$ cat final.json   # JSON, C-alpha atoms
[["chain", "number", "residue", "atom", "x", "y", "z"],
["N", 206, "MET", "CA", -162.88, 29.86, 60.67],
["N", 207, "SER", "CA", -163.34, 33.37, 61.97],
["N", 208, "LYS", "CA", -163.91, 36.37, 59.80],
["N", 209, "THR", "CA", -160.89, 37.24, 57.73],
["N", 210, "LYS", "CA", -159.63, 40.25, 55.85],
["N", 211, "ASN", "CA", -160.90, 38.64, 52.65],
["N", 212, "PHE", "CA", -164.40, 38.47, 54.15],
["N", 213, "TYR", "CA", -164.52, 42.22, 54.75],
["N", 214, "LYS", "CA", -163.04, 42.89, 51.31],
["N", 215, "ALA", "CA", -165.76, 40.68, 49.84],
["N", 216, "ILE", "CA", -168.53, 42.63, 51.57],
["N", 217, "PHE", "CA", -166.99, 45.88, 50.34],
["N", 218, "ALA", "CA", -166.83, 44.41, 46.82],
["N", 219, "ALA", "CA", -170.47, 43.30, 46.97],
["N", 220, "THR", "CA", -171.56, 46.74, 48.15],
["N", 221, "GLY", "CA", -169.67, 48.25, 45.23],
["N", 222, "VAL", "CA", -171.08, 45.97, 42.56],
["N", 223, "TYR", "CA", -174.70, 46.35, 43.63],
["N", 224, "THR", "CA", -174.28, 50.11, 43.78],
["N", 225, "LEU", "CA", -172.84, 50.10, 40.25],
["N", 226, "TRP", "CA", -175.64, 47.84, 39.02],
["N", 227, "GLY", "CA", -178.17, 50.28, 40.48],
["N", 228, "PHE", "CA", -177.27, 52.74, 37.72],
["N", 229, "THR", "CA", -177.65, 50.17, 34.93],
["N", 230, "PHE", "CA", -181.41, 50.77, 34.73],
["N", 231, "LEU", "CA", -180.81, 54.42, 33.85],
["N", 232, "ALA", "CA", -178.02, 53.53, 31.41],
["N", 233, "SER", "CA", -180.17, 50.87, 29.75],
["N", 234, "LYS", "CA", -183.09, 53.25, 29.45],
["N", 235, "ILE", "CA", -180.88, 55.84, 27.75],
["N", 236, "GLY", "CA", -179.21, 53.27, 25.51],
["N", 237, "GLN", "CA", -182.49, 51.73, 24.37],
["N", 238, "GLU", "CA", -183.69, 55.09, 23.07],
["N", 239, "SER", "CA", -181.32, 54.59, 20.13],
["N", 240, "ALA", "CA", -181.03, 50.81, 19.86],
["N", 241, "THR", "CA", -182.80, 47.56, 20.60],
["N", 242, "PRO", "CA", -181.84, 45.65, 23.77],
["N", 243, "PHE", "CA", -179.86, 43.10, 21.74],
["N", 244, "VAL", "CA", -177.80, 45.80, 20.04],
["N", 245, "LEU", "CA", -177.13, 47.54, 23.36],
["N", 246, "LEU", "CA", -176.10, 44.24, 24.95],
["N", 247, "THR", "CA", -173.85, 43.56, 21.95],
["N", 248, "TYR", "CA", -171.92, 46.76, 22.57],
["N", 249, "ARG", "CA", -171.88, 46.13, 26.32],
["N", 250, "PHE", "CA", -170.23, 42.71, 26.07],
["N", 251, "ASP", "CA", -168.10, 43.38, 22.99],
["N", 252, "ILE", "CA", -166.49, 46.39, 24.67],
["N", 253, "ALA", "CA", -166.12, 44.49, 27.95],
["N", 254, "LEU", "CA", -164.41, 41.60, 26.15],
["N", 255, "ALA", "CA", -162.04, 44.00, 24.41],
["N", 256, "ILE", "CA", -161.07, 45.51, 27.76],
["N", 257, "LEU", "CA", -160.42, 42.12, 29.33],
["N", 258, "LEU", "CA", -158.34, 41.02, 26.35],
["N", 259, "VAL", "CA", -155.78, 43.76, 27.07],
["N", 260, "PRO", "CA", -154.23, 42.20, 30.23],
["N", 261, "LEU", "CA", -154.32, 38.79, 28.52],
["N", 262, "ILE", "CA", -152.42, 40.08, 25.48],
["N", 263, "LEU", "CA", -149.94, 41.96, 27.67],
["N", 264, "GLY", "CA", -149.30, 38.84, 29.75],
["N", 265, "LYS", "CA", -150.71, 40.38, 32.92],
["N", 266, "ALA", "CA", -153.47, 37.78, 33.16],
["N", 267, "LYS", "CA", -153.71, 34.12, 32.19],
["N", 268, "LEU", "CA", -156.39, 31.65, 31.20],
["N", 269, "LYS", "CA", -155.49, 28.28, 32.67],
["N", 270, "LEU", "CA", -158.34, 26.05, 31.56],
["N", 271, "ARG", "CA", -156.57, 22.80, 30.67],
["N", 272, "GLY", "CA", -157.54, 19.93, 32.94],
["N", 273, "LYS", "CA", -160.30, 21.91, 34.63],
["N", 274, "ASN", "CA", -164.07, 21.40, 34.61],
["N", 275, "VAL", "CA", -164.70, 23.84, 31.77],
["N", 276, "LYS", "CA", -168.31, 22.63, 31.42],
["N", 277, "MET", "CA", -169.19, 24.35, 34.70],
["N", 278, "LEU", "CA", -167.49, 27.55, 33.54],
["N", 279, "LEU", "CA", -169.53, 27.47, 30.33],
["N", 280, "LEU", "CA", -172.65, 26.81, 32.39],
["N", 281, "LEU", "CA", -171.86, 29.94, 34.39],
["N", 282, "GLY", "CA", -171.74, 32.05, 31.22],
["N", 283, "LEU", "CA", -174.88, 30.39, 29.88],
["N", 284, "PHE", "CA", -176.85, 31.29, 32.99],
["N", 285, "GLU", "CA", -175.58, 34.85, 32.98],
["N", 286, "PRO", "CA", -175.26, 36.86, 30.84],
["N", 287, "CYS", "CA", -176.79, 34.72, 28.06],
["N", 288, "VAL", "CA", -180.10, 33.36, 29.36],
["N", 289, "TYR", "CA", -180.68, 35.77, 32.26],
["N", 290, "PHE", "CA", -180.93, 38.91, 30.15],
["N", 291, "ILE", "CA", -183.29, 37.20, 27.69],
["N", 292, "GLY", "CA", -185.62, 36.37, 30.58],
["N", 293, "GLU", "CA", -185.33, 39.82, 32.11],
["N", 294, "GLN", "CA", -185.79, 41.83, 28.90],
["N", 295, "TYR", "CA", -188.75, 39.83, 27.57],
["N", 296, "GLY", "CA", -190.23, 39.50, 31.04],
["N", 297, "LEU", "CA", -190.30, 43.30, 31.25],
["N", 298, "ARG", "CA", -191.78, 43.46, 27.77],
["N", 299, "TYR", "CA", -194.70, 41.12, 28.44],
["N", 300, "THR", "CA", -195.56, 42.16, 32.01],
["N", 301, "ASN", "CA", -195.85, 45.46, 33.85],
["N", 302, "THR", "CA", -193.05, 47.09, 35.83],
["N", 303, "ALA", "CA", -194.52, 46.29, 39.25],
["N", 304, "PHE", "CA", -194.91, 42.56, 38.60],
["N", 305, "SER", "CA", -191.48, 42.20, 37.00],
["N", 306, "GLY", "CA", -189.89, 44.13, 39.87],
["N", 307, "VAL", "CA", -191.48, 41.82, 42.44],
["N", 308, "MET", "CA", -190.33, 38.76, 40.50],
["N", 309, "ILE", "CA", -186.72, 39.96, 40.19],
["N", 310, "ALA", "CA", -186.77, 40.74, 43.92],
["N", 311, "MET", "CA", -187.15, 36.99, 44.50],
["N", 312, "ILE", "CA", -183.64, 36.27, 43.20],
["N", 313, "PRO", "CA", -181.94, 36.68, 46.63],
["N", 314, "ILE", "CA", -184.27, 34.20, 48.33],
["N", 315, "VAL", "CA", -183.99, 31.67, 45.50],
["N", 316, "THR", "CA", -180.20, 32.09, 45.62],
["N", 317, "LEU", "CA", -180.12, 31.40, 49.35],
["N", 318, "ILE", "CA", -182.25, 28.27, 48.87],
["N", 319, "MET", "CA", -180.01, 27.00, 46.06],
["N", 320, "ALA", "CA", -176.88, 27.77, 48.06],
["N", 321, "ALA", "CA", -178.28, 25.86, 51.05],
["N", 322, "VAL", "CA", -179.15, 22.84, 48.89],
["N", 323, "PHE", "CA", -176.13, 22.65, 46.56],
["N", 324, "LEU", "CA", -173.35, 24.32, 48.58],
["N", 325, "LYS", "CA", -174.52, 23.55, 52.14],
["N", 326, "ASP", "CA", -174.17, 27.30, 52.79],
["N", 327, "ARG", "CA", -177.02, 27.86, 55.23],
["N", 328, "PRO", "CA", -177.84, 31.31, 56.68],
["N", 329, "GLY", "CA", -178.78, 31.65, 60.35],
["N", 330, "LYS", "CA", -182.44, 32.12, 61.34],
["N", 331, "ALA", "CA", -181.92, 35.82, 62.01],
["N", 332, "GLN", "CA", -180.33, 36.24, 58.57],
["N", 333, "TRP", "CA", -183.35, 34.60, 56.94],
["N", 334, "LEU", "CA", -185.71, 36.98, 58.76],
["N", 335, "PHE", "CA", -183.73, 40.10, 57.88],
["N", 336, "SER", "CA", -183.42, 38.91, 54.27],
["N", 337, "LEU", "CA", -187.20, 38.59, 54.09],
["N", 338, "LEU", "CA", -187.59, 42.07, 55.60],
["N", 339, "SER", "CA", -185.31, 43.53, 52.96],
["N", 340, "ILE", "CA", -187.13, 41.75, 50.14],
["N", 341, "ALA", "CA", -190.50, 42.85, 51.52],
["N", 342, "GLY", "CA", -189.23, 46.42, 51.35],
["N", 343, "ILE", "CA", -188.26, 45.93, 47.69],
["N", 344, "VAL", "CA", -191.72, 44.54, 46.90],
["N", 345, "VAL", "CA", -193.40, 47.54, 48.52],
["N", 346, "ILE", "CA", -191.16, 50.00, 46.64],
["N", 347, "THR", "CA", -191.94, 48.26, 43.37],
["N", 348, "LEU", "CA", -195.69, 48.12, 43.93],
["N", 349, "ALA", "CA", -195.70, 51.78, 44.98],
["N", 350, "GLU", "CA", -195.00, 52.65, 41.34],
["N", 351, "ASN", "CA", -198.56, 51.59, 40.50],
["N", 352, "SER", "CA", -197.52, 50.86, 36.93],
["N", 353, "GLY", "CA", -200.16, 49.91, 34.42],
["N", 354, "GLY", "CA", -200.04, 47.22, 31.82],
["N", 355, "SER", "CA", -201.10, 43.61, 31.68],
["N", 356, "VAL", "CA", -199.30, 40.49, 32.84],
["N", 357, "SER", "CA", -199.15, 37.68, 30.28],
["N", 358, "PHE", "CA", -198.36, 34.03, 30.94],
["N", 359, "VAL", "CA", -195.42, 34.23, 28.53],
["N", 360, "GLY", "CA", -194.03, 37.20, 30.48],
["N", 361, "VAL", "CA", -194.29, 35.25, 33.73],
["N", 362, "LEU", "CA", -192.37, 32.34, 32.21],
["N", 363, "PHE", "CA", -189.59, 34.66, 31.05],
["N", 364, "LEU", "CA", -189.32, 36.21, 34.51],
["N", 365, "VAL", "CA", -189.23, 32.79, 36.17],
["N", 366, "LEU", "CA", -186.39, 31.97, 33.78],
["N", 367, "ALA", "CA", -184.57, 35.16, 34.83],
["N", 368, "VAL", "CA", -185.01, 34.41, 38.53],
["N", 369, "LEU", "CA", -183.76, 30.82, 38.25],
["N", 370, "THR", "CA", -180.76, 31.64, 36.05],
["N", 371, "GLY", "CA", -179.87, 34.74, 38.06],
["N", 372, "ALA", "CA", -179.82, 32.70, 41.26],
["N", 373, "ALA", "CA", -178.03, 29.75, 39.66],
["N", 374, "TYR", "CA", -175.32, 32.05, 38.33],
["N", 375, "GLY", "CA", -174.33, 33.15, 41.84],
["N", 376, "VAL", "CA", -174.32, 29.60, 43.15],
["N", 377, "VAL", "CA", -172.25, 28.25, 40.24],
["N", 378, "SER", "CA", -169.75, 31.13, 40.50],
["N", 379, "ARG", "CA", -169.31, 30.32, 44.19],
["N", 380, "GLY", "CA", -169.06, 26.60, 43.52],
["N", 381, "ILE", "CA", -166.24, 26.88, 40.94],
["N", 382, "SER", "CA", -164.33, 29.70, 42.66],
["N", 383, "ASP", "CA", -161.61, 27.32, 43.91],
["N", 384, "GLU", "CA", -160.96, 26.02, 40.40],
["N", 385, "PHE", "CA", -161.26, 29.18, 38.31],
["N", 386, "SER", "CA", -159.86, 32.62, 39.11],
["N", 387, "VAL", "CA", -161.95, 35.79, 39.16],
["N", 388, "TYR", "CA", -160.38, 36.79, 35.85],
["N", 389, "GLU", "CA", -161.17, 33.46, 34.20],
["N", 390, "ARG", "CA", -164.80, 33.53, 35.30],
["N", 391, "THR", "CA", -165.28, 37.16, 34.30],
["N", 392, "PHE", "CA", -163.49, 36.76, 30.95],
["N", 393, "ILE", "CA", -165.49, 33.71, 29.85],
["N", 394, "MET", "CA", -168.74, 35.42, 30.82],
["N", 395, "GLN", "CA", -167.94, 38.47, 28.68],
["N", 396, "LEU", "CA", -166.76, 36.25, 25.80],
["N", 397, "MET", "CA", -169.98, 34.24, 25.81],
["N", 398, "GLY", "CA", -172.09, 37.38, 26.16],
["N", 399, "ALA", "CA", -170.28, 39.06, 23.27],
["N", 400, "VAL", "CA", -170.74, 36.09, 20.91],
["N", 401, "PHE", "CA", -174.32, 35.38, 22.01],
["N", 402, "TYR", "CA", -175.71, 38.90, 21.70],
["N", 403, "THR", "CA", -173.74, 39.83, 18.57],
["N", 404, "VAL", "CA", -175.31, 36.84, 16.83],
["N", 405, "LEU", "CA", -178.78, 37.72, 18.15],
["N", 406, "ALA", "CA", -178.42, 41.36, 17.07],
["N", 407, "ALA", "CA", -177.32, 40.25, 13.59],
["N", 408, "ILE", "CA", -180.30, 37.90, 13.32],
["N", 409, "GLU", "CA", -182.66, 40.56, 14.64],
["N", 410, "HIS", "CA", -181.56, 43.04, 11.96],
["N", 411, "ARG", "CA", -181.14, 40.35, 9.26],
["N", 412, "GLY", "CA", -177.44, 41.03, 8.87],
["N", 413, "ASP", "CA", -177.90, 44.77, 8.38],
["N", 414, "LEU", "CA", -174.67, 46.09, 9.93],
["N", 415, "GLY", "CA", -175.86, 49.65, 9.40],
["N", 416, "ALA", "CA", -178.65, 49.15, 11.92],
["N", 417, "ILE", "CA", -176.09, 47.92, 14.46],
["N", 418, "ILE", "CA", -173.53, 50.66, 13.80],
["N", 419, "ARG", "CA", -176.02, 53.56, 13.50],
["N", 420, "PRO", "CA", -176.53, 54.06, 17.30],
["N", 421, "LEU", "CA", -172.87, 55.11, 17.59],
["N", 422, "ALA", "CA", -173.91, 58.47, 16.12],
["N", 423, "ASP", "CA", -175.77, 59.17, 19.39],
["N", 424, "PHE", "CA", -173.33, 60.39, 22.05],
["N", 425, "ASP", "CA", -175.72, 59.46, 24.88],
["N", 426, "PHE", "CA", -175.88, 55.90, 23.55],
["N", 427, "VAL", "CA", -172.08, 55.69, 23.52],
["N", 428, "LEU", "CA", -171.88, 56.88, 27.13],
["N", 429, "ALA", "CA", -174.57, 54.39, 28.20],
["N", 430, "ALA", "CA", -172.83, 51.52, 26.40],
["N", 431, "LEU", "CA", -169.48, 52.44, 27.95],
["N", 432, "TYR", "CA", -170.98, 52.54, 31.45],
["N", 433, "LEU", "CA", -172.62, 49.15, 30.98],
["N", 434, "ALA", "CA", -169.42, 47.66, 29.55],
["N", 435, "VAL", "CA", -166.85, 49.12, 31.94],
["N", 436, "PHE", "CA", -168.69, 49.44, 35.23],
["N", 437, "ALA", "CA", -171.58, 46.96, 34.99],
["N", 438, "SER", "CA", -169.75, 44.16, 33.17],
["N", 439, "VAL", "CA", -165.98, 44.34, 33.72],
["N", 440, "VAL", "CA", -165.86, 45.93, 37.17],
["N", 441, "GLY", "CA", -169.27, 44.67, 38.29],
["N", 442, "TYR", "CA", -168.89, 41.00, 37.45],
["N", 443, "TRP", "CA", -165.29, 41.02, 38.65],
["N", 444, "LEU", "CA", -166.39, 42.33, 42.07],
["N", 445, "PHE", "CA", -169.31, 39.90, 42.26],
["N", 446, "ASN", "CA", -167.22, 36.87, 41.34],
["N", 447, "TYR", "CA", -164.70, 37.89, 43.99],
["N", 448, "ALA", "CA", -167.37, 38.52, 46.63],
["N", 449, "VAL", "CA", -169.17, 35.18, 46.33],
["N", 450, "ALA", "CA", -165.84, 33.36, 46.62],
["N", 451, "ASN", "CA", -164.87, 35.00, 49.90],
["N", 452, "ALA", "CA", -168.03, 35.54, 51.97],
["N", 453, "PRO", "CA", -171.15, 33.53, 52.85],
["N", 454, "MET", "CA", -173.87, 33.77, 50.20],
["N", 455, "ALA", "CA", -176.36, 35.36, 52.62],
["N", 456, "ASN", "CA", -174.03, 38.28, 53.29],
["N", 457, "VAL", "CA", -173.35, 38.90, 49.63],
["N", 458, "ILE", "CA", -176.82, 38.37, 48.19],
["N", 459, "SER", "CA", -178.57, 40.49, 50.85],
["N", 460, "LEU", "CA", -176.73, 43.50, 49.43],
["N", 461, "CYS", "CA", -178.45, 42.82, 46.09],
["N", 462, "ASN", "CA", -181.33, 44.99, 47.25],
["N", 463, "LEU", "CA", -179.05, 48.03, 47.21],
["N", 464, "THR", "CA", -179.49, 47.92, 43.42],
["N", 465, "THR", "CA", -183.18, 48.81, 43.71],
["N", 466, "VAL", "CA", -182.48, 51.52, 46.30],
["N", 467, "VAL", "CA", -179.87, 53.14, 44.06],
["N", 468, "SER", "CA", -182.12, 52.77, 41.01],
["N", 469, "VAL", "CA", -185.05, 54.47, 42.75],
["N", 470, "LEU", "CA", -182.90, 57.32, 44.07],
["N", 471, "THR", "CA", -181.39, 57.77, 40.60],
["N", 472, "GLY", "CA", -184.88, 58.07, 39.15],
["N", 473, "VAL", "CA", -185.81, 60.65, 41.77],
["N", 474, "PHE", "CA", -182.75, 62.88, 41.54],
["N", 475, "VAL", "CA", -181.82, 62.45, 37.86],
["N", 476, "LEU", "CA", -185.15, 61.87, 36.13],
["N", 477, "GLY", "CA", -187.34, 63.79, 38.58],
["N", 478, "GLU", "CA", -189.58, 60.80, 39.28],
["N", 479, "PRO", "CA", -191.97, 61.00, 42.27],
["N", 480, "PHE", "CA", -190.96, 59.57, 45.63],
["N", 481, "SER", "CA", -193.66, 58.74, 48.19],
["N", 482, "LEU", "CA", -193.50, 58.42, 51.96],
["N", 483, "LEU", "CA", -194.38, 54.73, 51.58],
["N", 484, "SER", "CA", -191.34, 54.22, 49.36],
["N", 485, "ALA", "CA", -189.16, 56.02, 51.90],
["N", 486, "VAL", "CA", -190.36, 53.74, 54.72],
["N", 487, "ALA", "CA", -189.88, 50.67, 52.53],
["N", 488, "MET", "CA", -186.36, 51.82, 51.68],
["N", 489, "VAL", "CA", -185.53, 52.05, 55.38],
["N", 490, "ALA", "CA", -186.83, 48.49, 55.78],
["N", 491, "VAL", "CA", -184.51, 47.36, 52.97],
["N", 492, "LEU", "CA", -181.49, 48.96, 54.62],
["N", 493, "VAL", "CA", -182.41, 47.55, 58.05],
["N", 494, "GLY", "CA", -182.71, 44.11, 56.47],
["N", 495, "ILE", "CA", -179.28, 44.43, 54.88],
["N", 496, "TRP", "CA", -177.81, 45.61, 58.18],
["N", 497, "GLY", "CA", -179.39, 42.69, 60.03],
["N", 498, "VAL", "CA", -177.95, 40.07, 57.69],
["N", 499, "GLN", "CA", -174.45, 41.50, 58.15],
["N", 500, "LYS", "CA", -174.92, 41.99, 61.91],
["N", 501, "PHE", "CA", -176.01, 38.41, 62.58],
["N", 502, "THR", "CA", -173.32, 36.71, 60.53],
["N", 503, "PRO", "CA", -172.17, 33.61, 62.45],
["N", 504, "LYS", "CA", -169.02, 34.29, 64.45],
["N", 505, "LYS", "CA", -167.36, 31.42, 62.66],
["N", 506, "ILE", "CA", -167.86, 31.44, 58.94],
["N", 507, "ASP", "CA", -166.81, 29.11, 56.17],
["N", 508, "PRO", "CA", -167.14, 30.60, 52.74],
["N", 509, "SER", "CA", -166.79, 27.14, 51.23],
["N", 510, "GLY", "CA", -163.10, 27.50, 50.86],
["N", 511, "GLY", "CA", -163.53, 30.77, 49.05],
["N", 512, "SER", "CA", -160.90, 31.34, 46.43],
["N", 513, "LYS", "CA", -158.42, 34.13, 46.90],
["N", 514, "ASN", "CA", -157.44, 33.92, 43.24],
["N", 515, "VAL", "CA", -157.76, 37.12, 41.24]]

$ encode --input "final.json" --output "structure tokens"
Amino acid sequence: MSKTKNFYKAIFAATGVYTLWGFTFLASKIGQESATPFVLLTYRFDIALAILLVPLILGKAKLKLRGKNVKMLLLLGLFEPCVYFIGEQYGLRYTNTAFSGVMIAMIPIVTLIMAAVFLKDRPGKAQWLFSLLSIAGIVVITLAENSGGSVSFVGVLFLVLAVLTGAAYGVVSRGISDEFSVYERTFIMQLMGAVFYTVLAAIEHRGDLGAIIRPLADFDFVLAALYLAVFASVVGYWLFNYAVANAPMANVISLCNLTTVVSVLTGVFVLGEPFSLLSAVAMVAVLVGIWGVQKFTPKKIDPSGGSKNV
């Protein structure tokens, strides 16, 4: 079928979510000055769950899970946010910034491969080439940081875990979009994230609730947690789950690289981090790659029966 209104709305949604996720690095950095990653993630998903419970309680949204393949919905939440953030956080901890950045940049390509294999959603040759151009730009930007630090085998394994689960999450969300609404997918993800990270934070601090509550005294931590909960989790995952259901995976996932662009620019203008000519050129390559993927979308597209459910 030809491009539809839902397709363009999906691309707009994907642009929005990856822009929002570009600021999560700054928010996480601020939040982790007062709390461990598990505690910060606990607040992120607990608050997000509370927000999503409101329309459910008021009868504005429904969870219709009876008779559906709930196992796949649970698999979605297991991949992300549960396992993905473990791989990402510990991958960053046991490797340097440059290596971890290059590894995470592989998620779009792995996603496209998985989508081609499991969903028969195959990008055109031009889309593959422009995707590779965009990813090459991300790699150059990341390496331009020249970060120090060693790379351990354990760190590599954690990052491989993050790449595989991050890619699988997008494919599963697309695959179950006809059966589960955007709200159902987003709600279950926040529910699983809230339970998972609350338990991990409690274990980490040996049941010391004071250690978990104490960060609330820091106003910057509260703002960071609210941004991650409202914009990164509720709005972000909602937009992503909608986007993958209504546009080809190549078009959606190519916009993933906007996250790095926004993150770098945030570091430059907010934190005063250096910005080299090489990074500027690489950033242009990223944007050209994104443009190319959208430009060379097949005239007739089939987003695998993308769900219009909200």

$ axis_aligned_box --input "final.json" --around "region 252-256 of chain N" --padding-each-side "3 Å" --output "lines of an AutoDock Vina configuration file"
center_x = -163.8
center_y = 44.0
center_z = 26.2
size_x = 11.4
size_y = 10.8
size_z = 9.5

$ atom_distance --input "final.json" --atom1 "CA of Leu334 (chain N)" --atom2 "CA of Ile216 (chain N)"
19.5 Å

$ atom_distance --input "final.json" --atom1 "CA of Ala331 (chain N)" --atom2 "CA of Val489 (chain N)"
17.9 Å

$ residues_around --input "final.json" --residues "region 426-440 of chain N" --least-positions-apart "2" --cutoff "10 Å" --atoms "only C-alpha atoms" --output "MDAnalysis selection string"
chainID N and resid 218 221:240 244:257 286 388 391:392 394:395 420:424 442:445

$ atom_distance --input "final.json" --atom1 "CA of Lys273 (chain N)" --atom2 "CA of Ile381 (chain N)"
10.0 Å

$ closest_residue --input "final.json" --among "N:Pro479, N:Pro260, N:Gly306, N:Pro453" --to "Val345 (chain N)" --atoms "all atoms listed in the file"
N:Gly306

$ closest_residue --input "final.json" --among "N:Leu476, N:Ser378, N:Gln294, N:Ile314" --to "Pro328 (chain N)" --atoms "all atoms listed in the file"
N:Ile314

$ decode --input "final.json" --residues "region 414-421 of chain N" --atoms "all heavy atoms" --output "PDB file, in the first residue's frame"
ATOM      1  N   LEU N 414      15.558   1.431  53.212  1.00  0.00           N
ATOM      2  CA  LEU N 414      14.694   2.363  52.485  1.00  0.00           C
ATOM      3  C   LEU N 414      15.230   3.791  52.538  1.00  0.00           C
ATOM      4  O   LEU N 414      14.982   4.586  51.637  1.00  0.00           O
ATOM      5  CB  LEU N 414      13.272   2.310  53.064  1.00  0.00           C
ATOM      6  CG  LEU N 414      12.512   0.994  52.855  1.00  0.00           C
ATOM      7  CD1 LEU N 414      11.134   1.084  53.504  1.00  0.00           C
ATOM      8  CD2 LEU N 414      12.387   0.677  51.373  1.00  0.00           C
ATOM      9  N   GLY N 415      15.960   4.106  53.595  1.00  0.00           N
ATOM     10  CA  GLY N 415      16.525   5.450  53.717  1.00  0.00           C
ATOM     11  C   GLY N 415      17.451   5.776  52.566  1.00  0.00           C
ATOM     12  O   GLY N 415      17.455   6.908  52.059  1.00  0.00           O
ATOM     13  N   ALA N 416      18.231   4.791  52.145  1.00  0.00           N
ATOM     14  CA  ALA N 416      19.170   5.004  51.032  1.00  0.00           C
ATOM     15  C   ALA N 416      18.430   5.245  49.726  1.00  0.00           C
ATOM     16  O   ALA N 416      18.936   5.929  48.833  1.00  0.00           O
ATOM     17  CB  ALA N 416      20.088   3.795  50.902  1.00  0.00           C
ATOM     18  N   ILE N 417      17.222   4.675  49.621  1.00  0.00           N
ATOM     19  CA  ILE N 417      16.428   4.852  48.400  1.00  0.00           C
ATOM     20  C   ILE N 417      15.669   6.175  48.427  1.00  0.00           C
ATOM     21  O   ILE N 417      15.510   6.840  47.402  1.00  0.00           O
ATOM     22  CB  ILE N 417      15.453   3.666  48.233  1.00  0.00           C
ATOM     23  CG1 ILE N 417      16.247   2.354  48.089  1.00  0.00           C
ATOM     24  CG2 ILE N 417      14.538   3.881  47.033  1.00  0.00           C
ATOM     25  CD1 ILE N 417      15.386   1.114  48.038  1.00  0.00           C
ATOM     26  N   ILE N 418      15.210   6.561  49.611  1.00  0.00           N
ATOM     27  CA  ILE N 418      14.427   7.797  49.740  1.00  0.00           C
ATOM     28  C   ILE N 418      15.308   9.041  49.785  1.00  0.00           C
ATOM     29  O   ILE N 418      14.916  10.115  49.328  1.00  0.00           O
ATOM     30  CB  ILE N 418      13.547   7.722  51.015  1.00  0.00           C
ATOM     31  CG1 ILE N 418      12.543   6.578  50.882  1.00  0.00           C
ATOM     32  CG2 ILE N 418      12.823   9.037  51.254  1.00  0.00           C
ATOM     33  CD1 ILE N 418      11.742   6.328  52.127  1.00  0.00           C
ATOM     34  N   ARG N 419      16.521   8.918  50.310  1.00  0.00           N
ATOM     35  CA  ARG N 419      17.415  10.057  50.542  1.00  0.00           C
ATOM     36  C   ARG N 419      17.629  10.944  49.303  1.00  0.00           C
ATOM     37  O   ARG N 419      17.679  12.180  49.440  1.00  0.00           O
ATOM     38  CB  ARG N 419      18.749   9.558  51.076  1.00  0.00           C
ATOM     39  CG  ARG N 419      19.577  10.627  51.794  1.00  0.00           C
ATOM     40  CD  ARG N 419      20.765   9.983  52.491  1.00  0.00           C
ATOM     41  NE  ARG N 419      20.331   9.054  53.519  1.00  0.00           N
ATOM     42  CZ  ARG N 419      20.672   7.767  53.554  1.00  0.00           C
ATOM     43  NH1 ARG N 419      21.416   7.240  52.589  1.00  0.00           N
ATOM     44  NH2 ARG N 419      20.255   6.999  54.539  1.00  0.00           N
ATOM     45  N   PRO N 420      17.765  10.403  48.089  1.00  0.00           N
ATOM     46  CA  PRO N 420      17.999  11.271  46.921  1.00  0.00           C
ATOM     47  C   PRO N 420      16.902  12.298  46.670  1.00  0.00           C
ATOM     48  O   PRO N 420      17.140  13.304  45.995  1.00  0.00           O
ATOM     49  CB  PRO N 420      18.085  10.263  45.765  1.00  0.00           C
ATOM     50  CG  PRO N 420      18.546   8.997  46.405  1.00  0.00           C
ATOM     51  CD  PRO N 420      17.877   8.983  47.747  1.00  0.00           C
ATOM     52  N   LEU N 421      15.709  12.071  47.220  1.00  0.00           N
ATOM     53  CA  LEU N 421      14.605  13.016  47.014  1.00  0.00           C
ATOM     54  C   LEU N 421      14.894  14.385  47.631  1.00  0.00           C
ATOM     55  O   LEU N 421      14.227  15.369  47.301  1.00  0.00           O
ATOM     56  CB  LEU N 421      13.314  12.453  47.608  1.00  0.00           C
ATOM     57  CG  LEU N 421      12.707  11.244  46.871  1.00  0.00           C
ATOM     58  CD1 LEU N 421      11.500  10.719  47.626  1.00  0.00           C
ATOM     59  CD2 LEU N 421      12.341  11.605  45.436  1.00  0.00           C
TER      60      LEU N 421
END
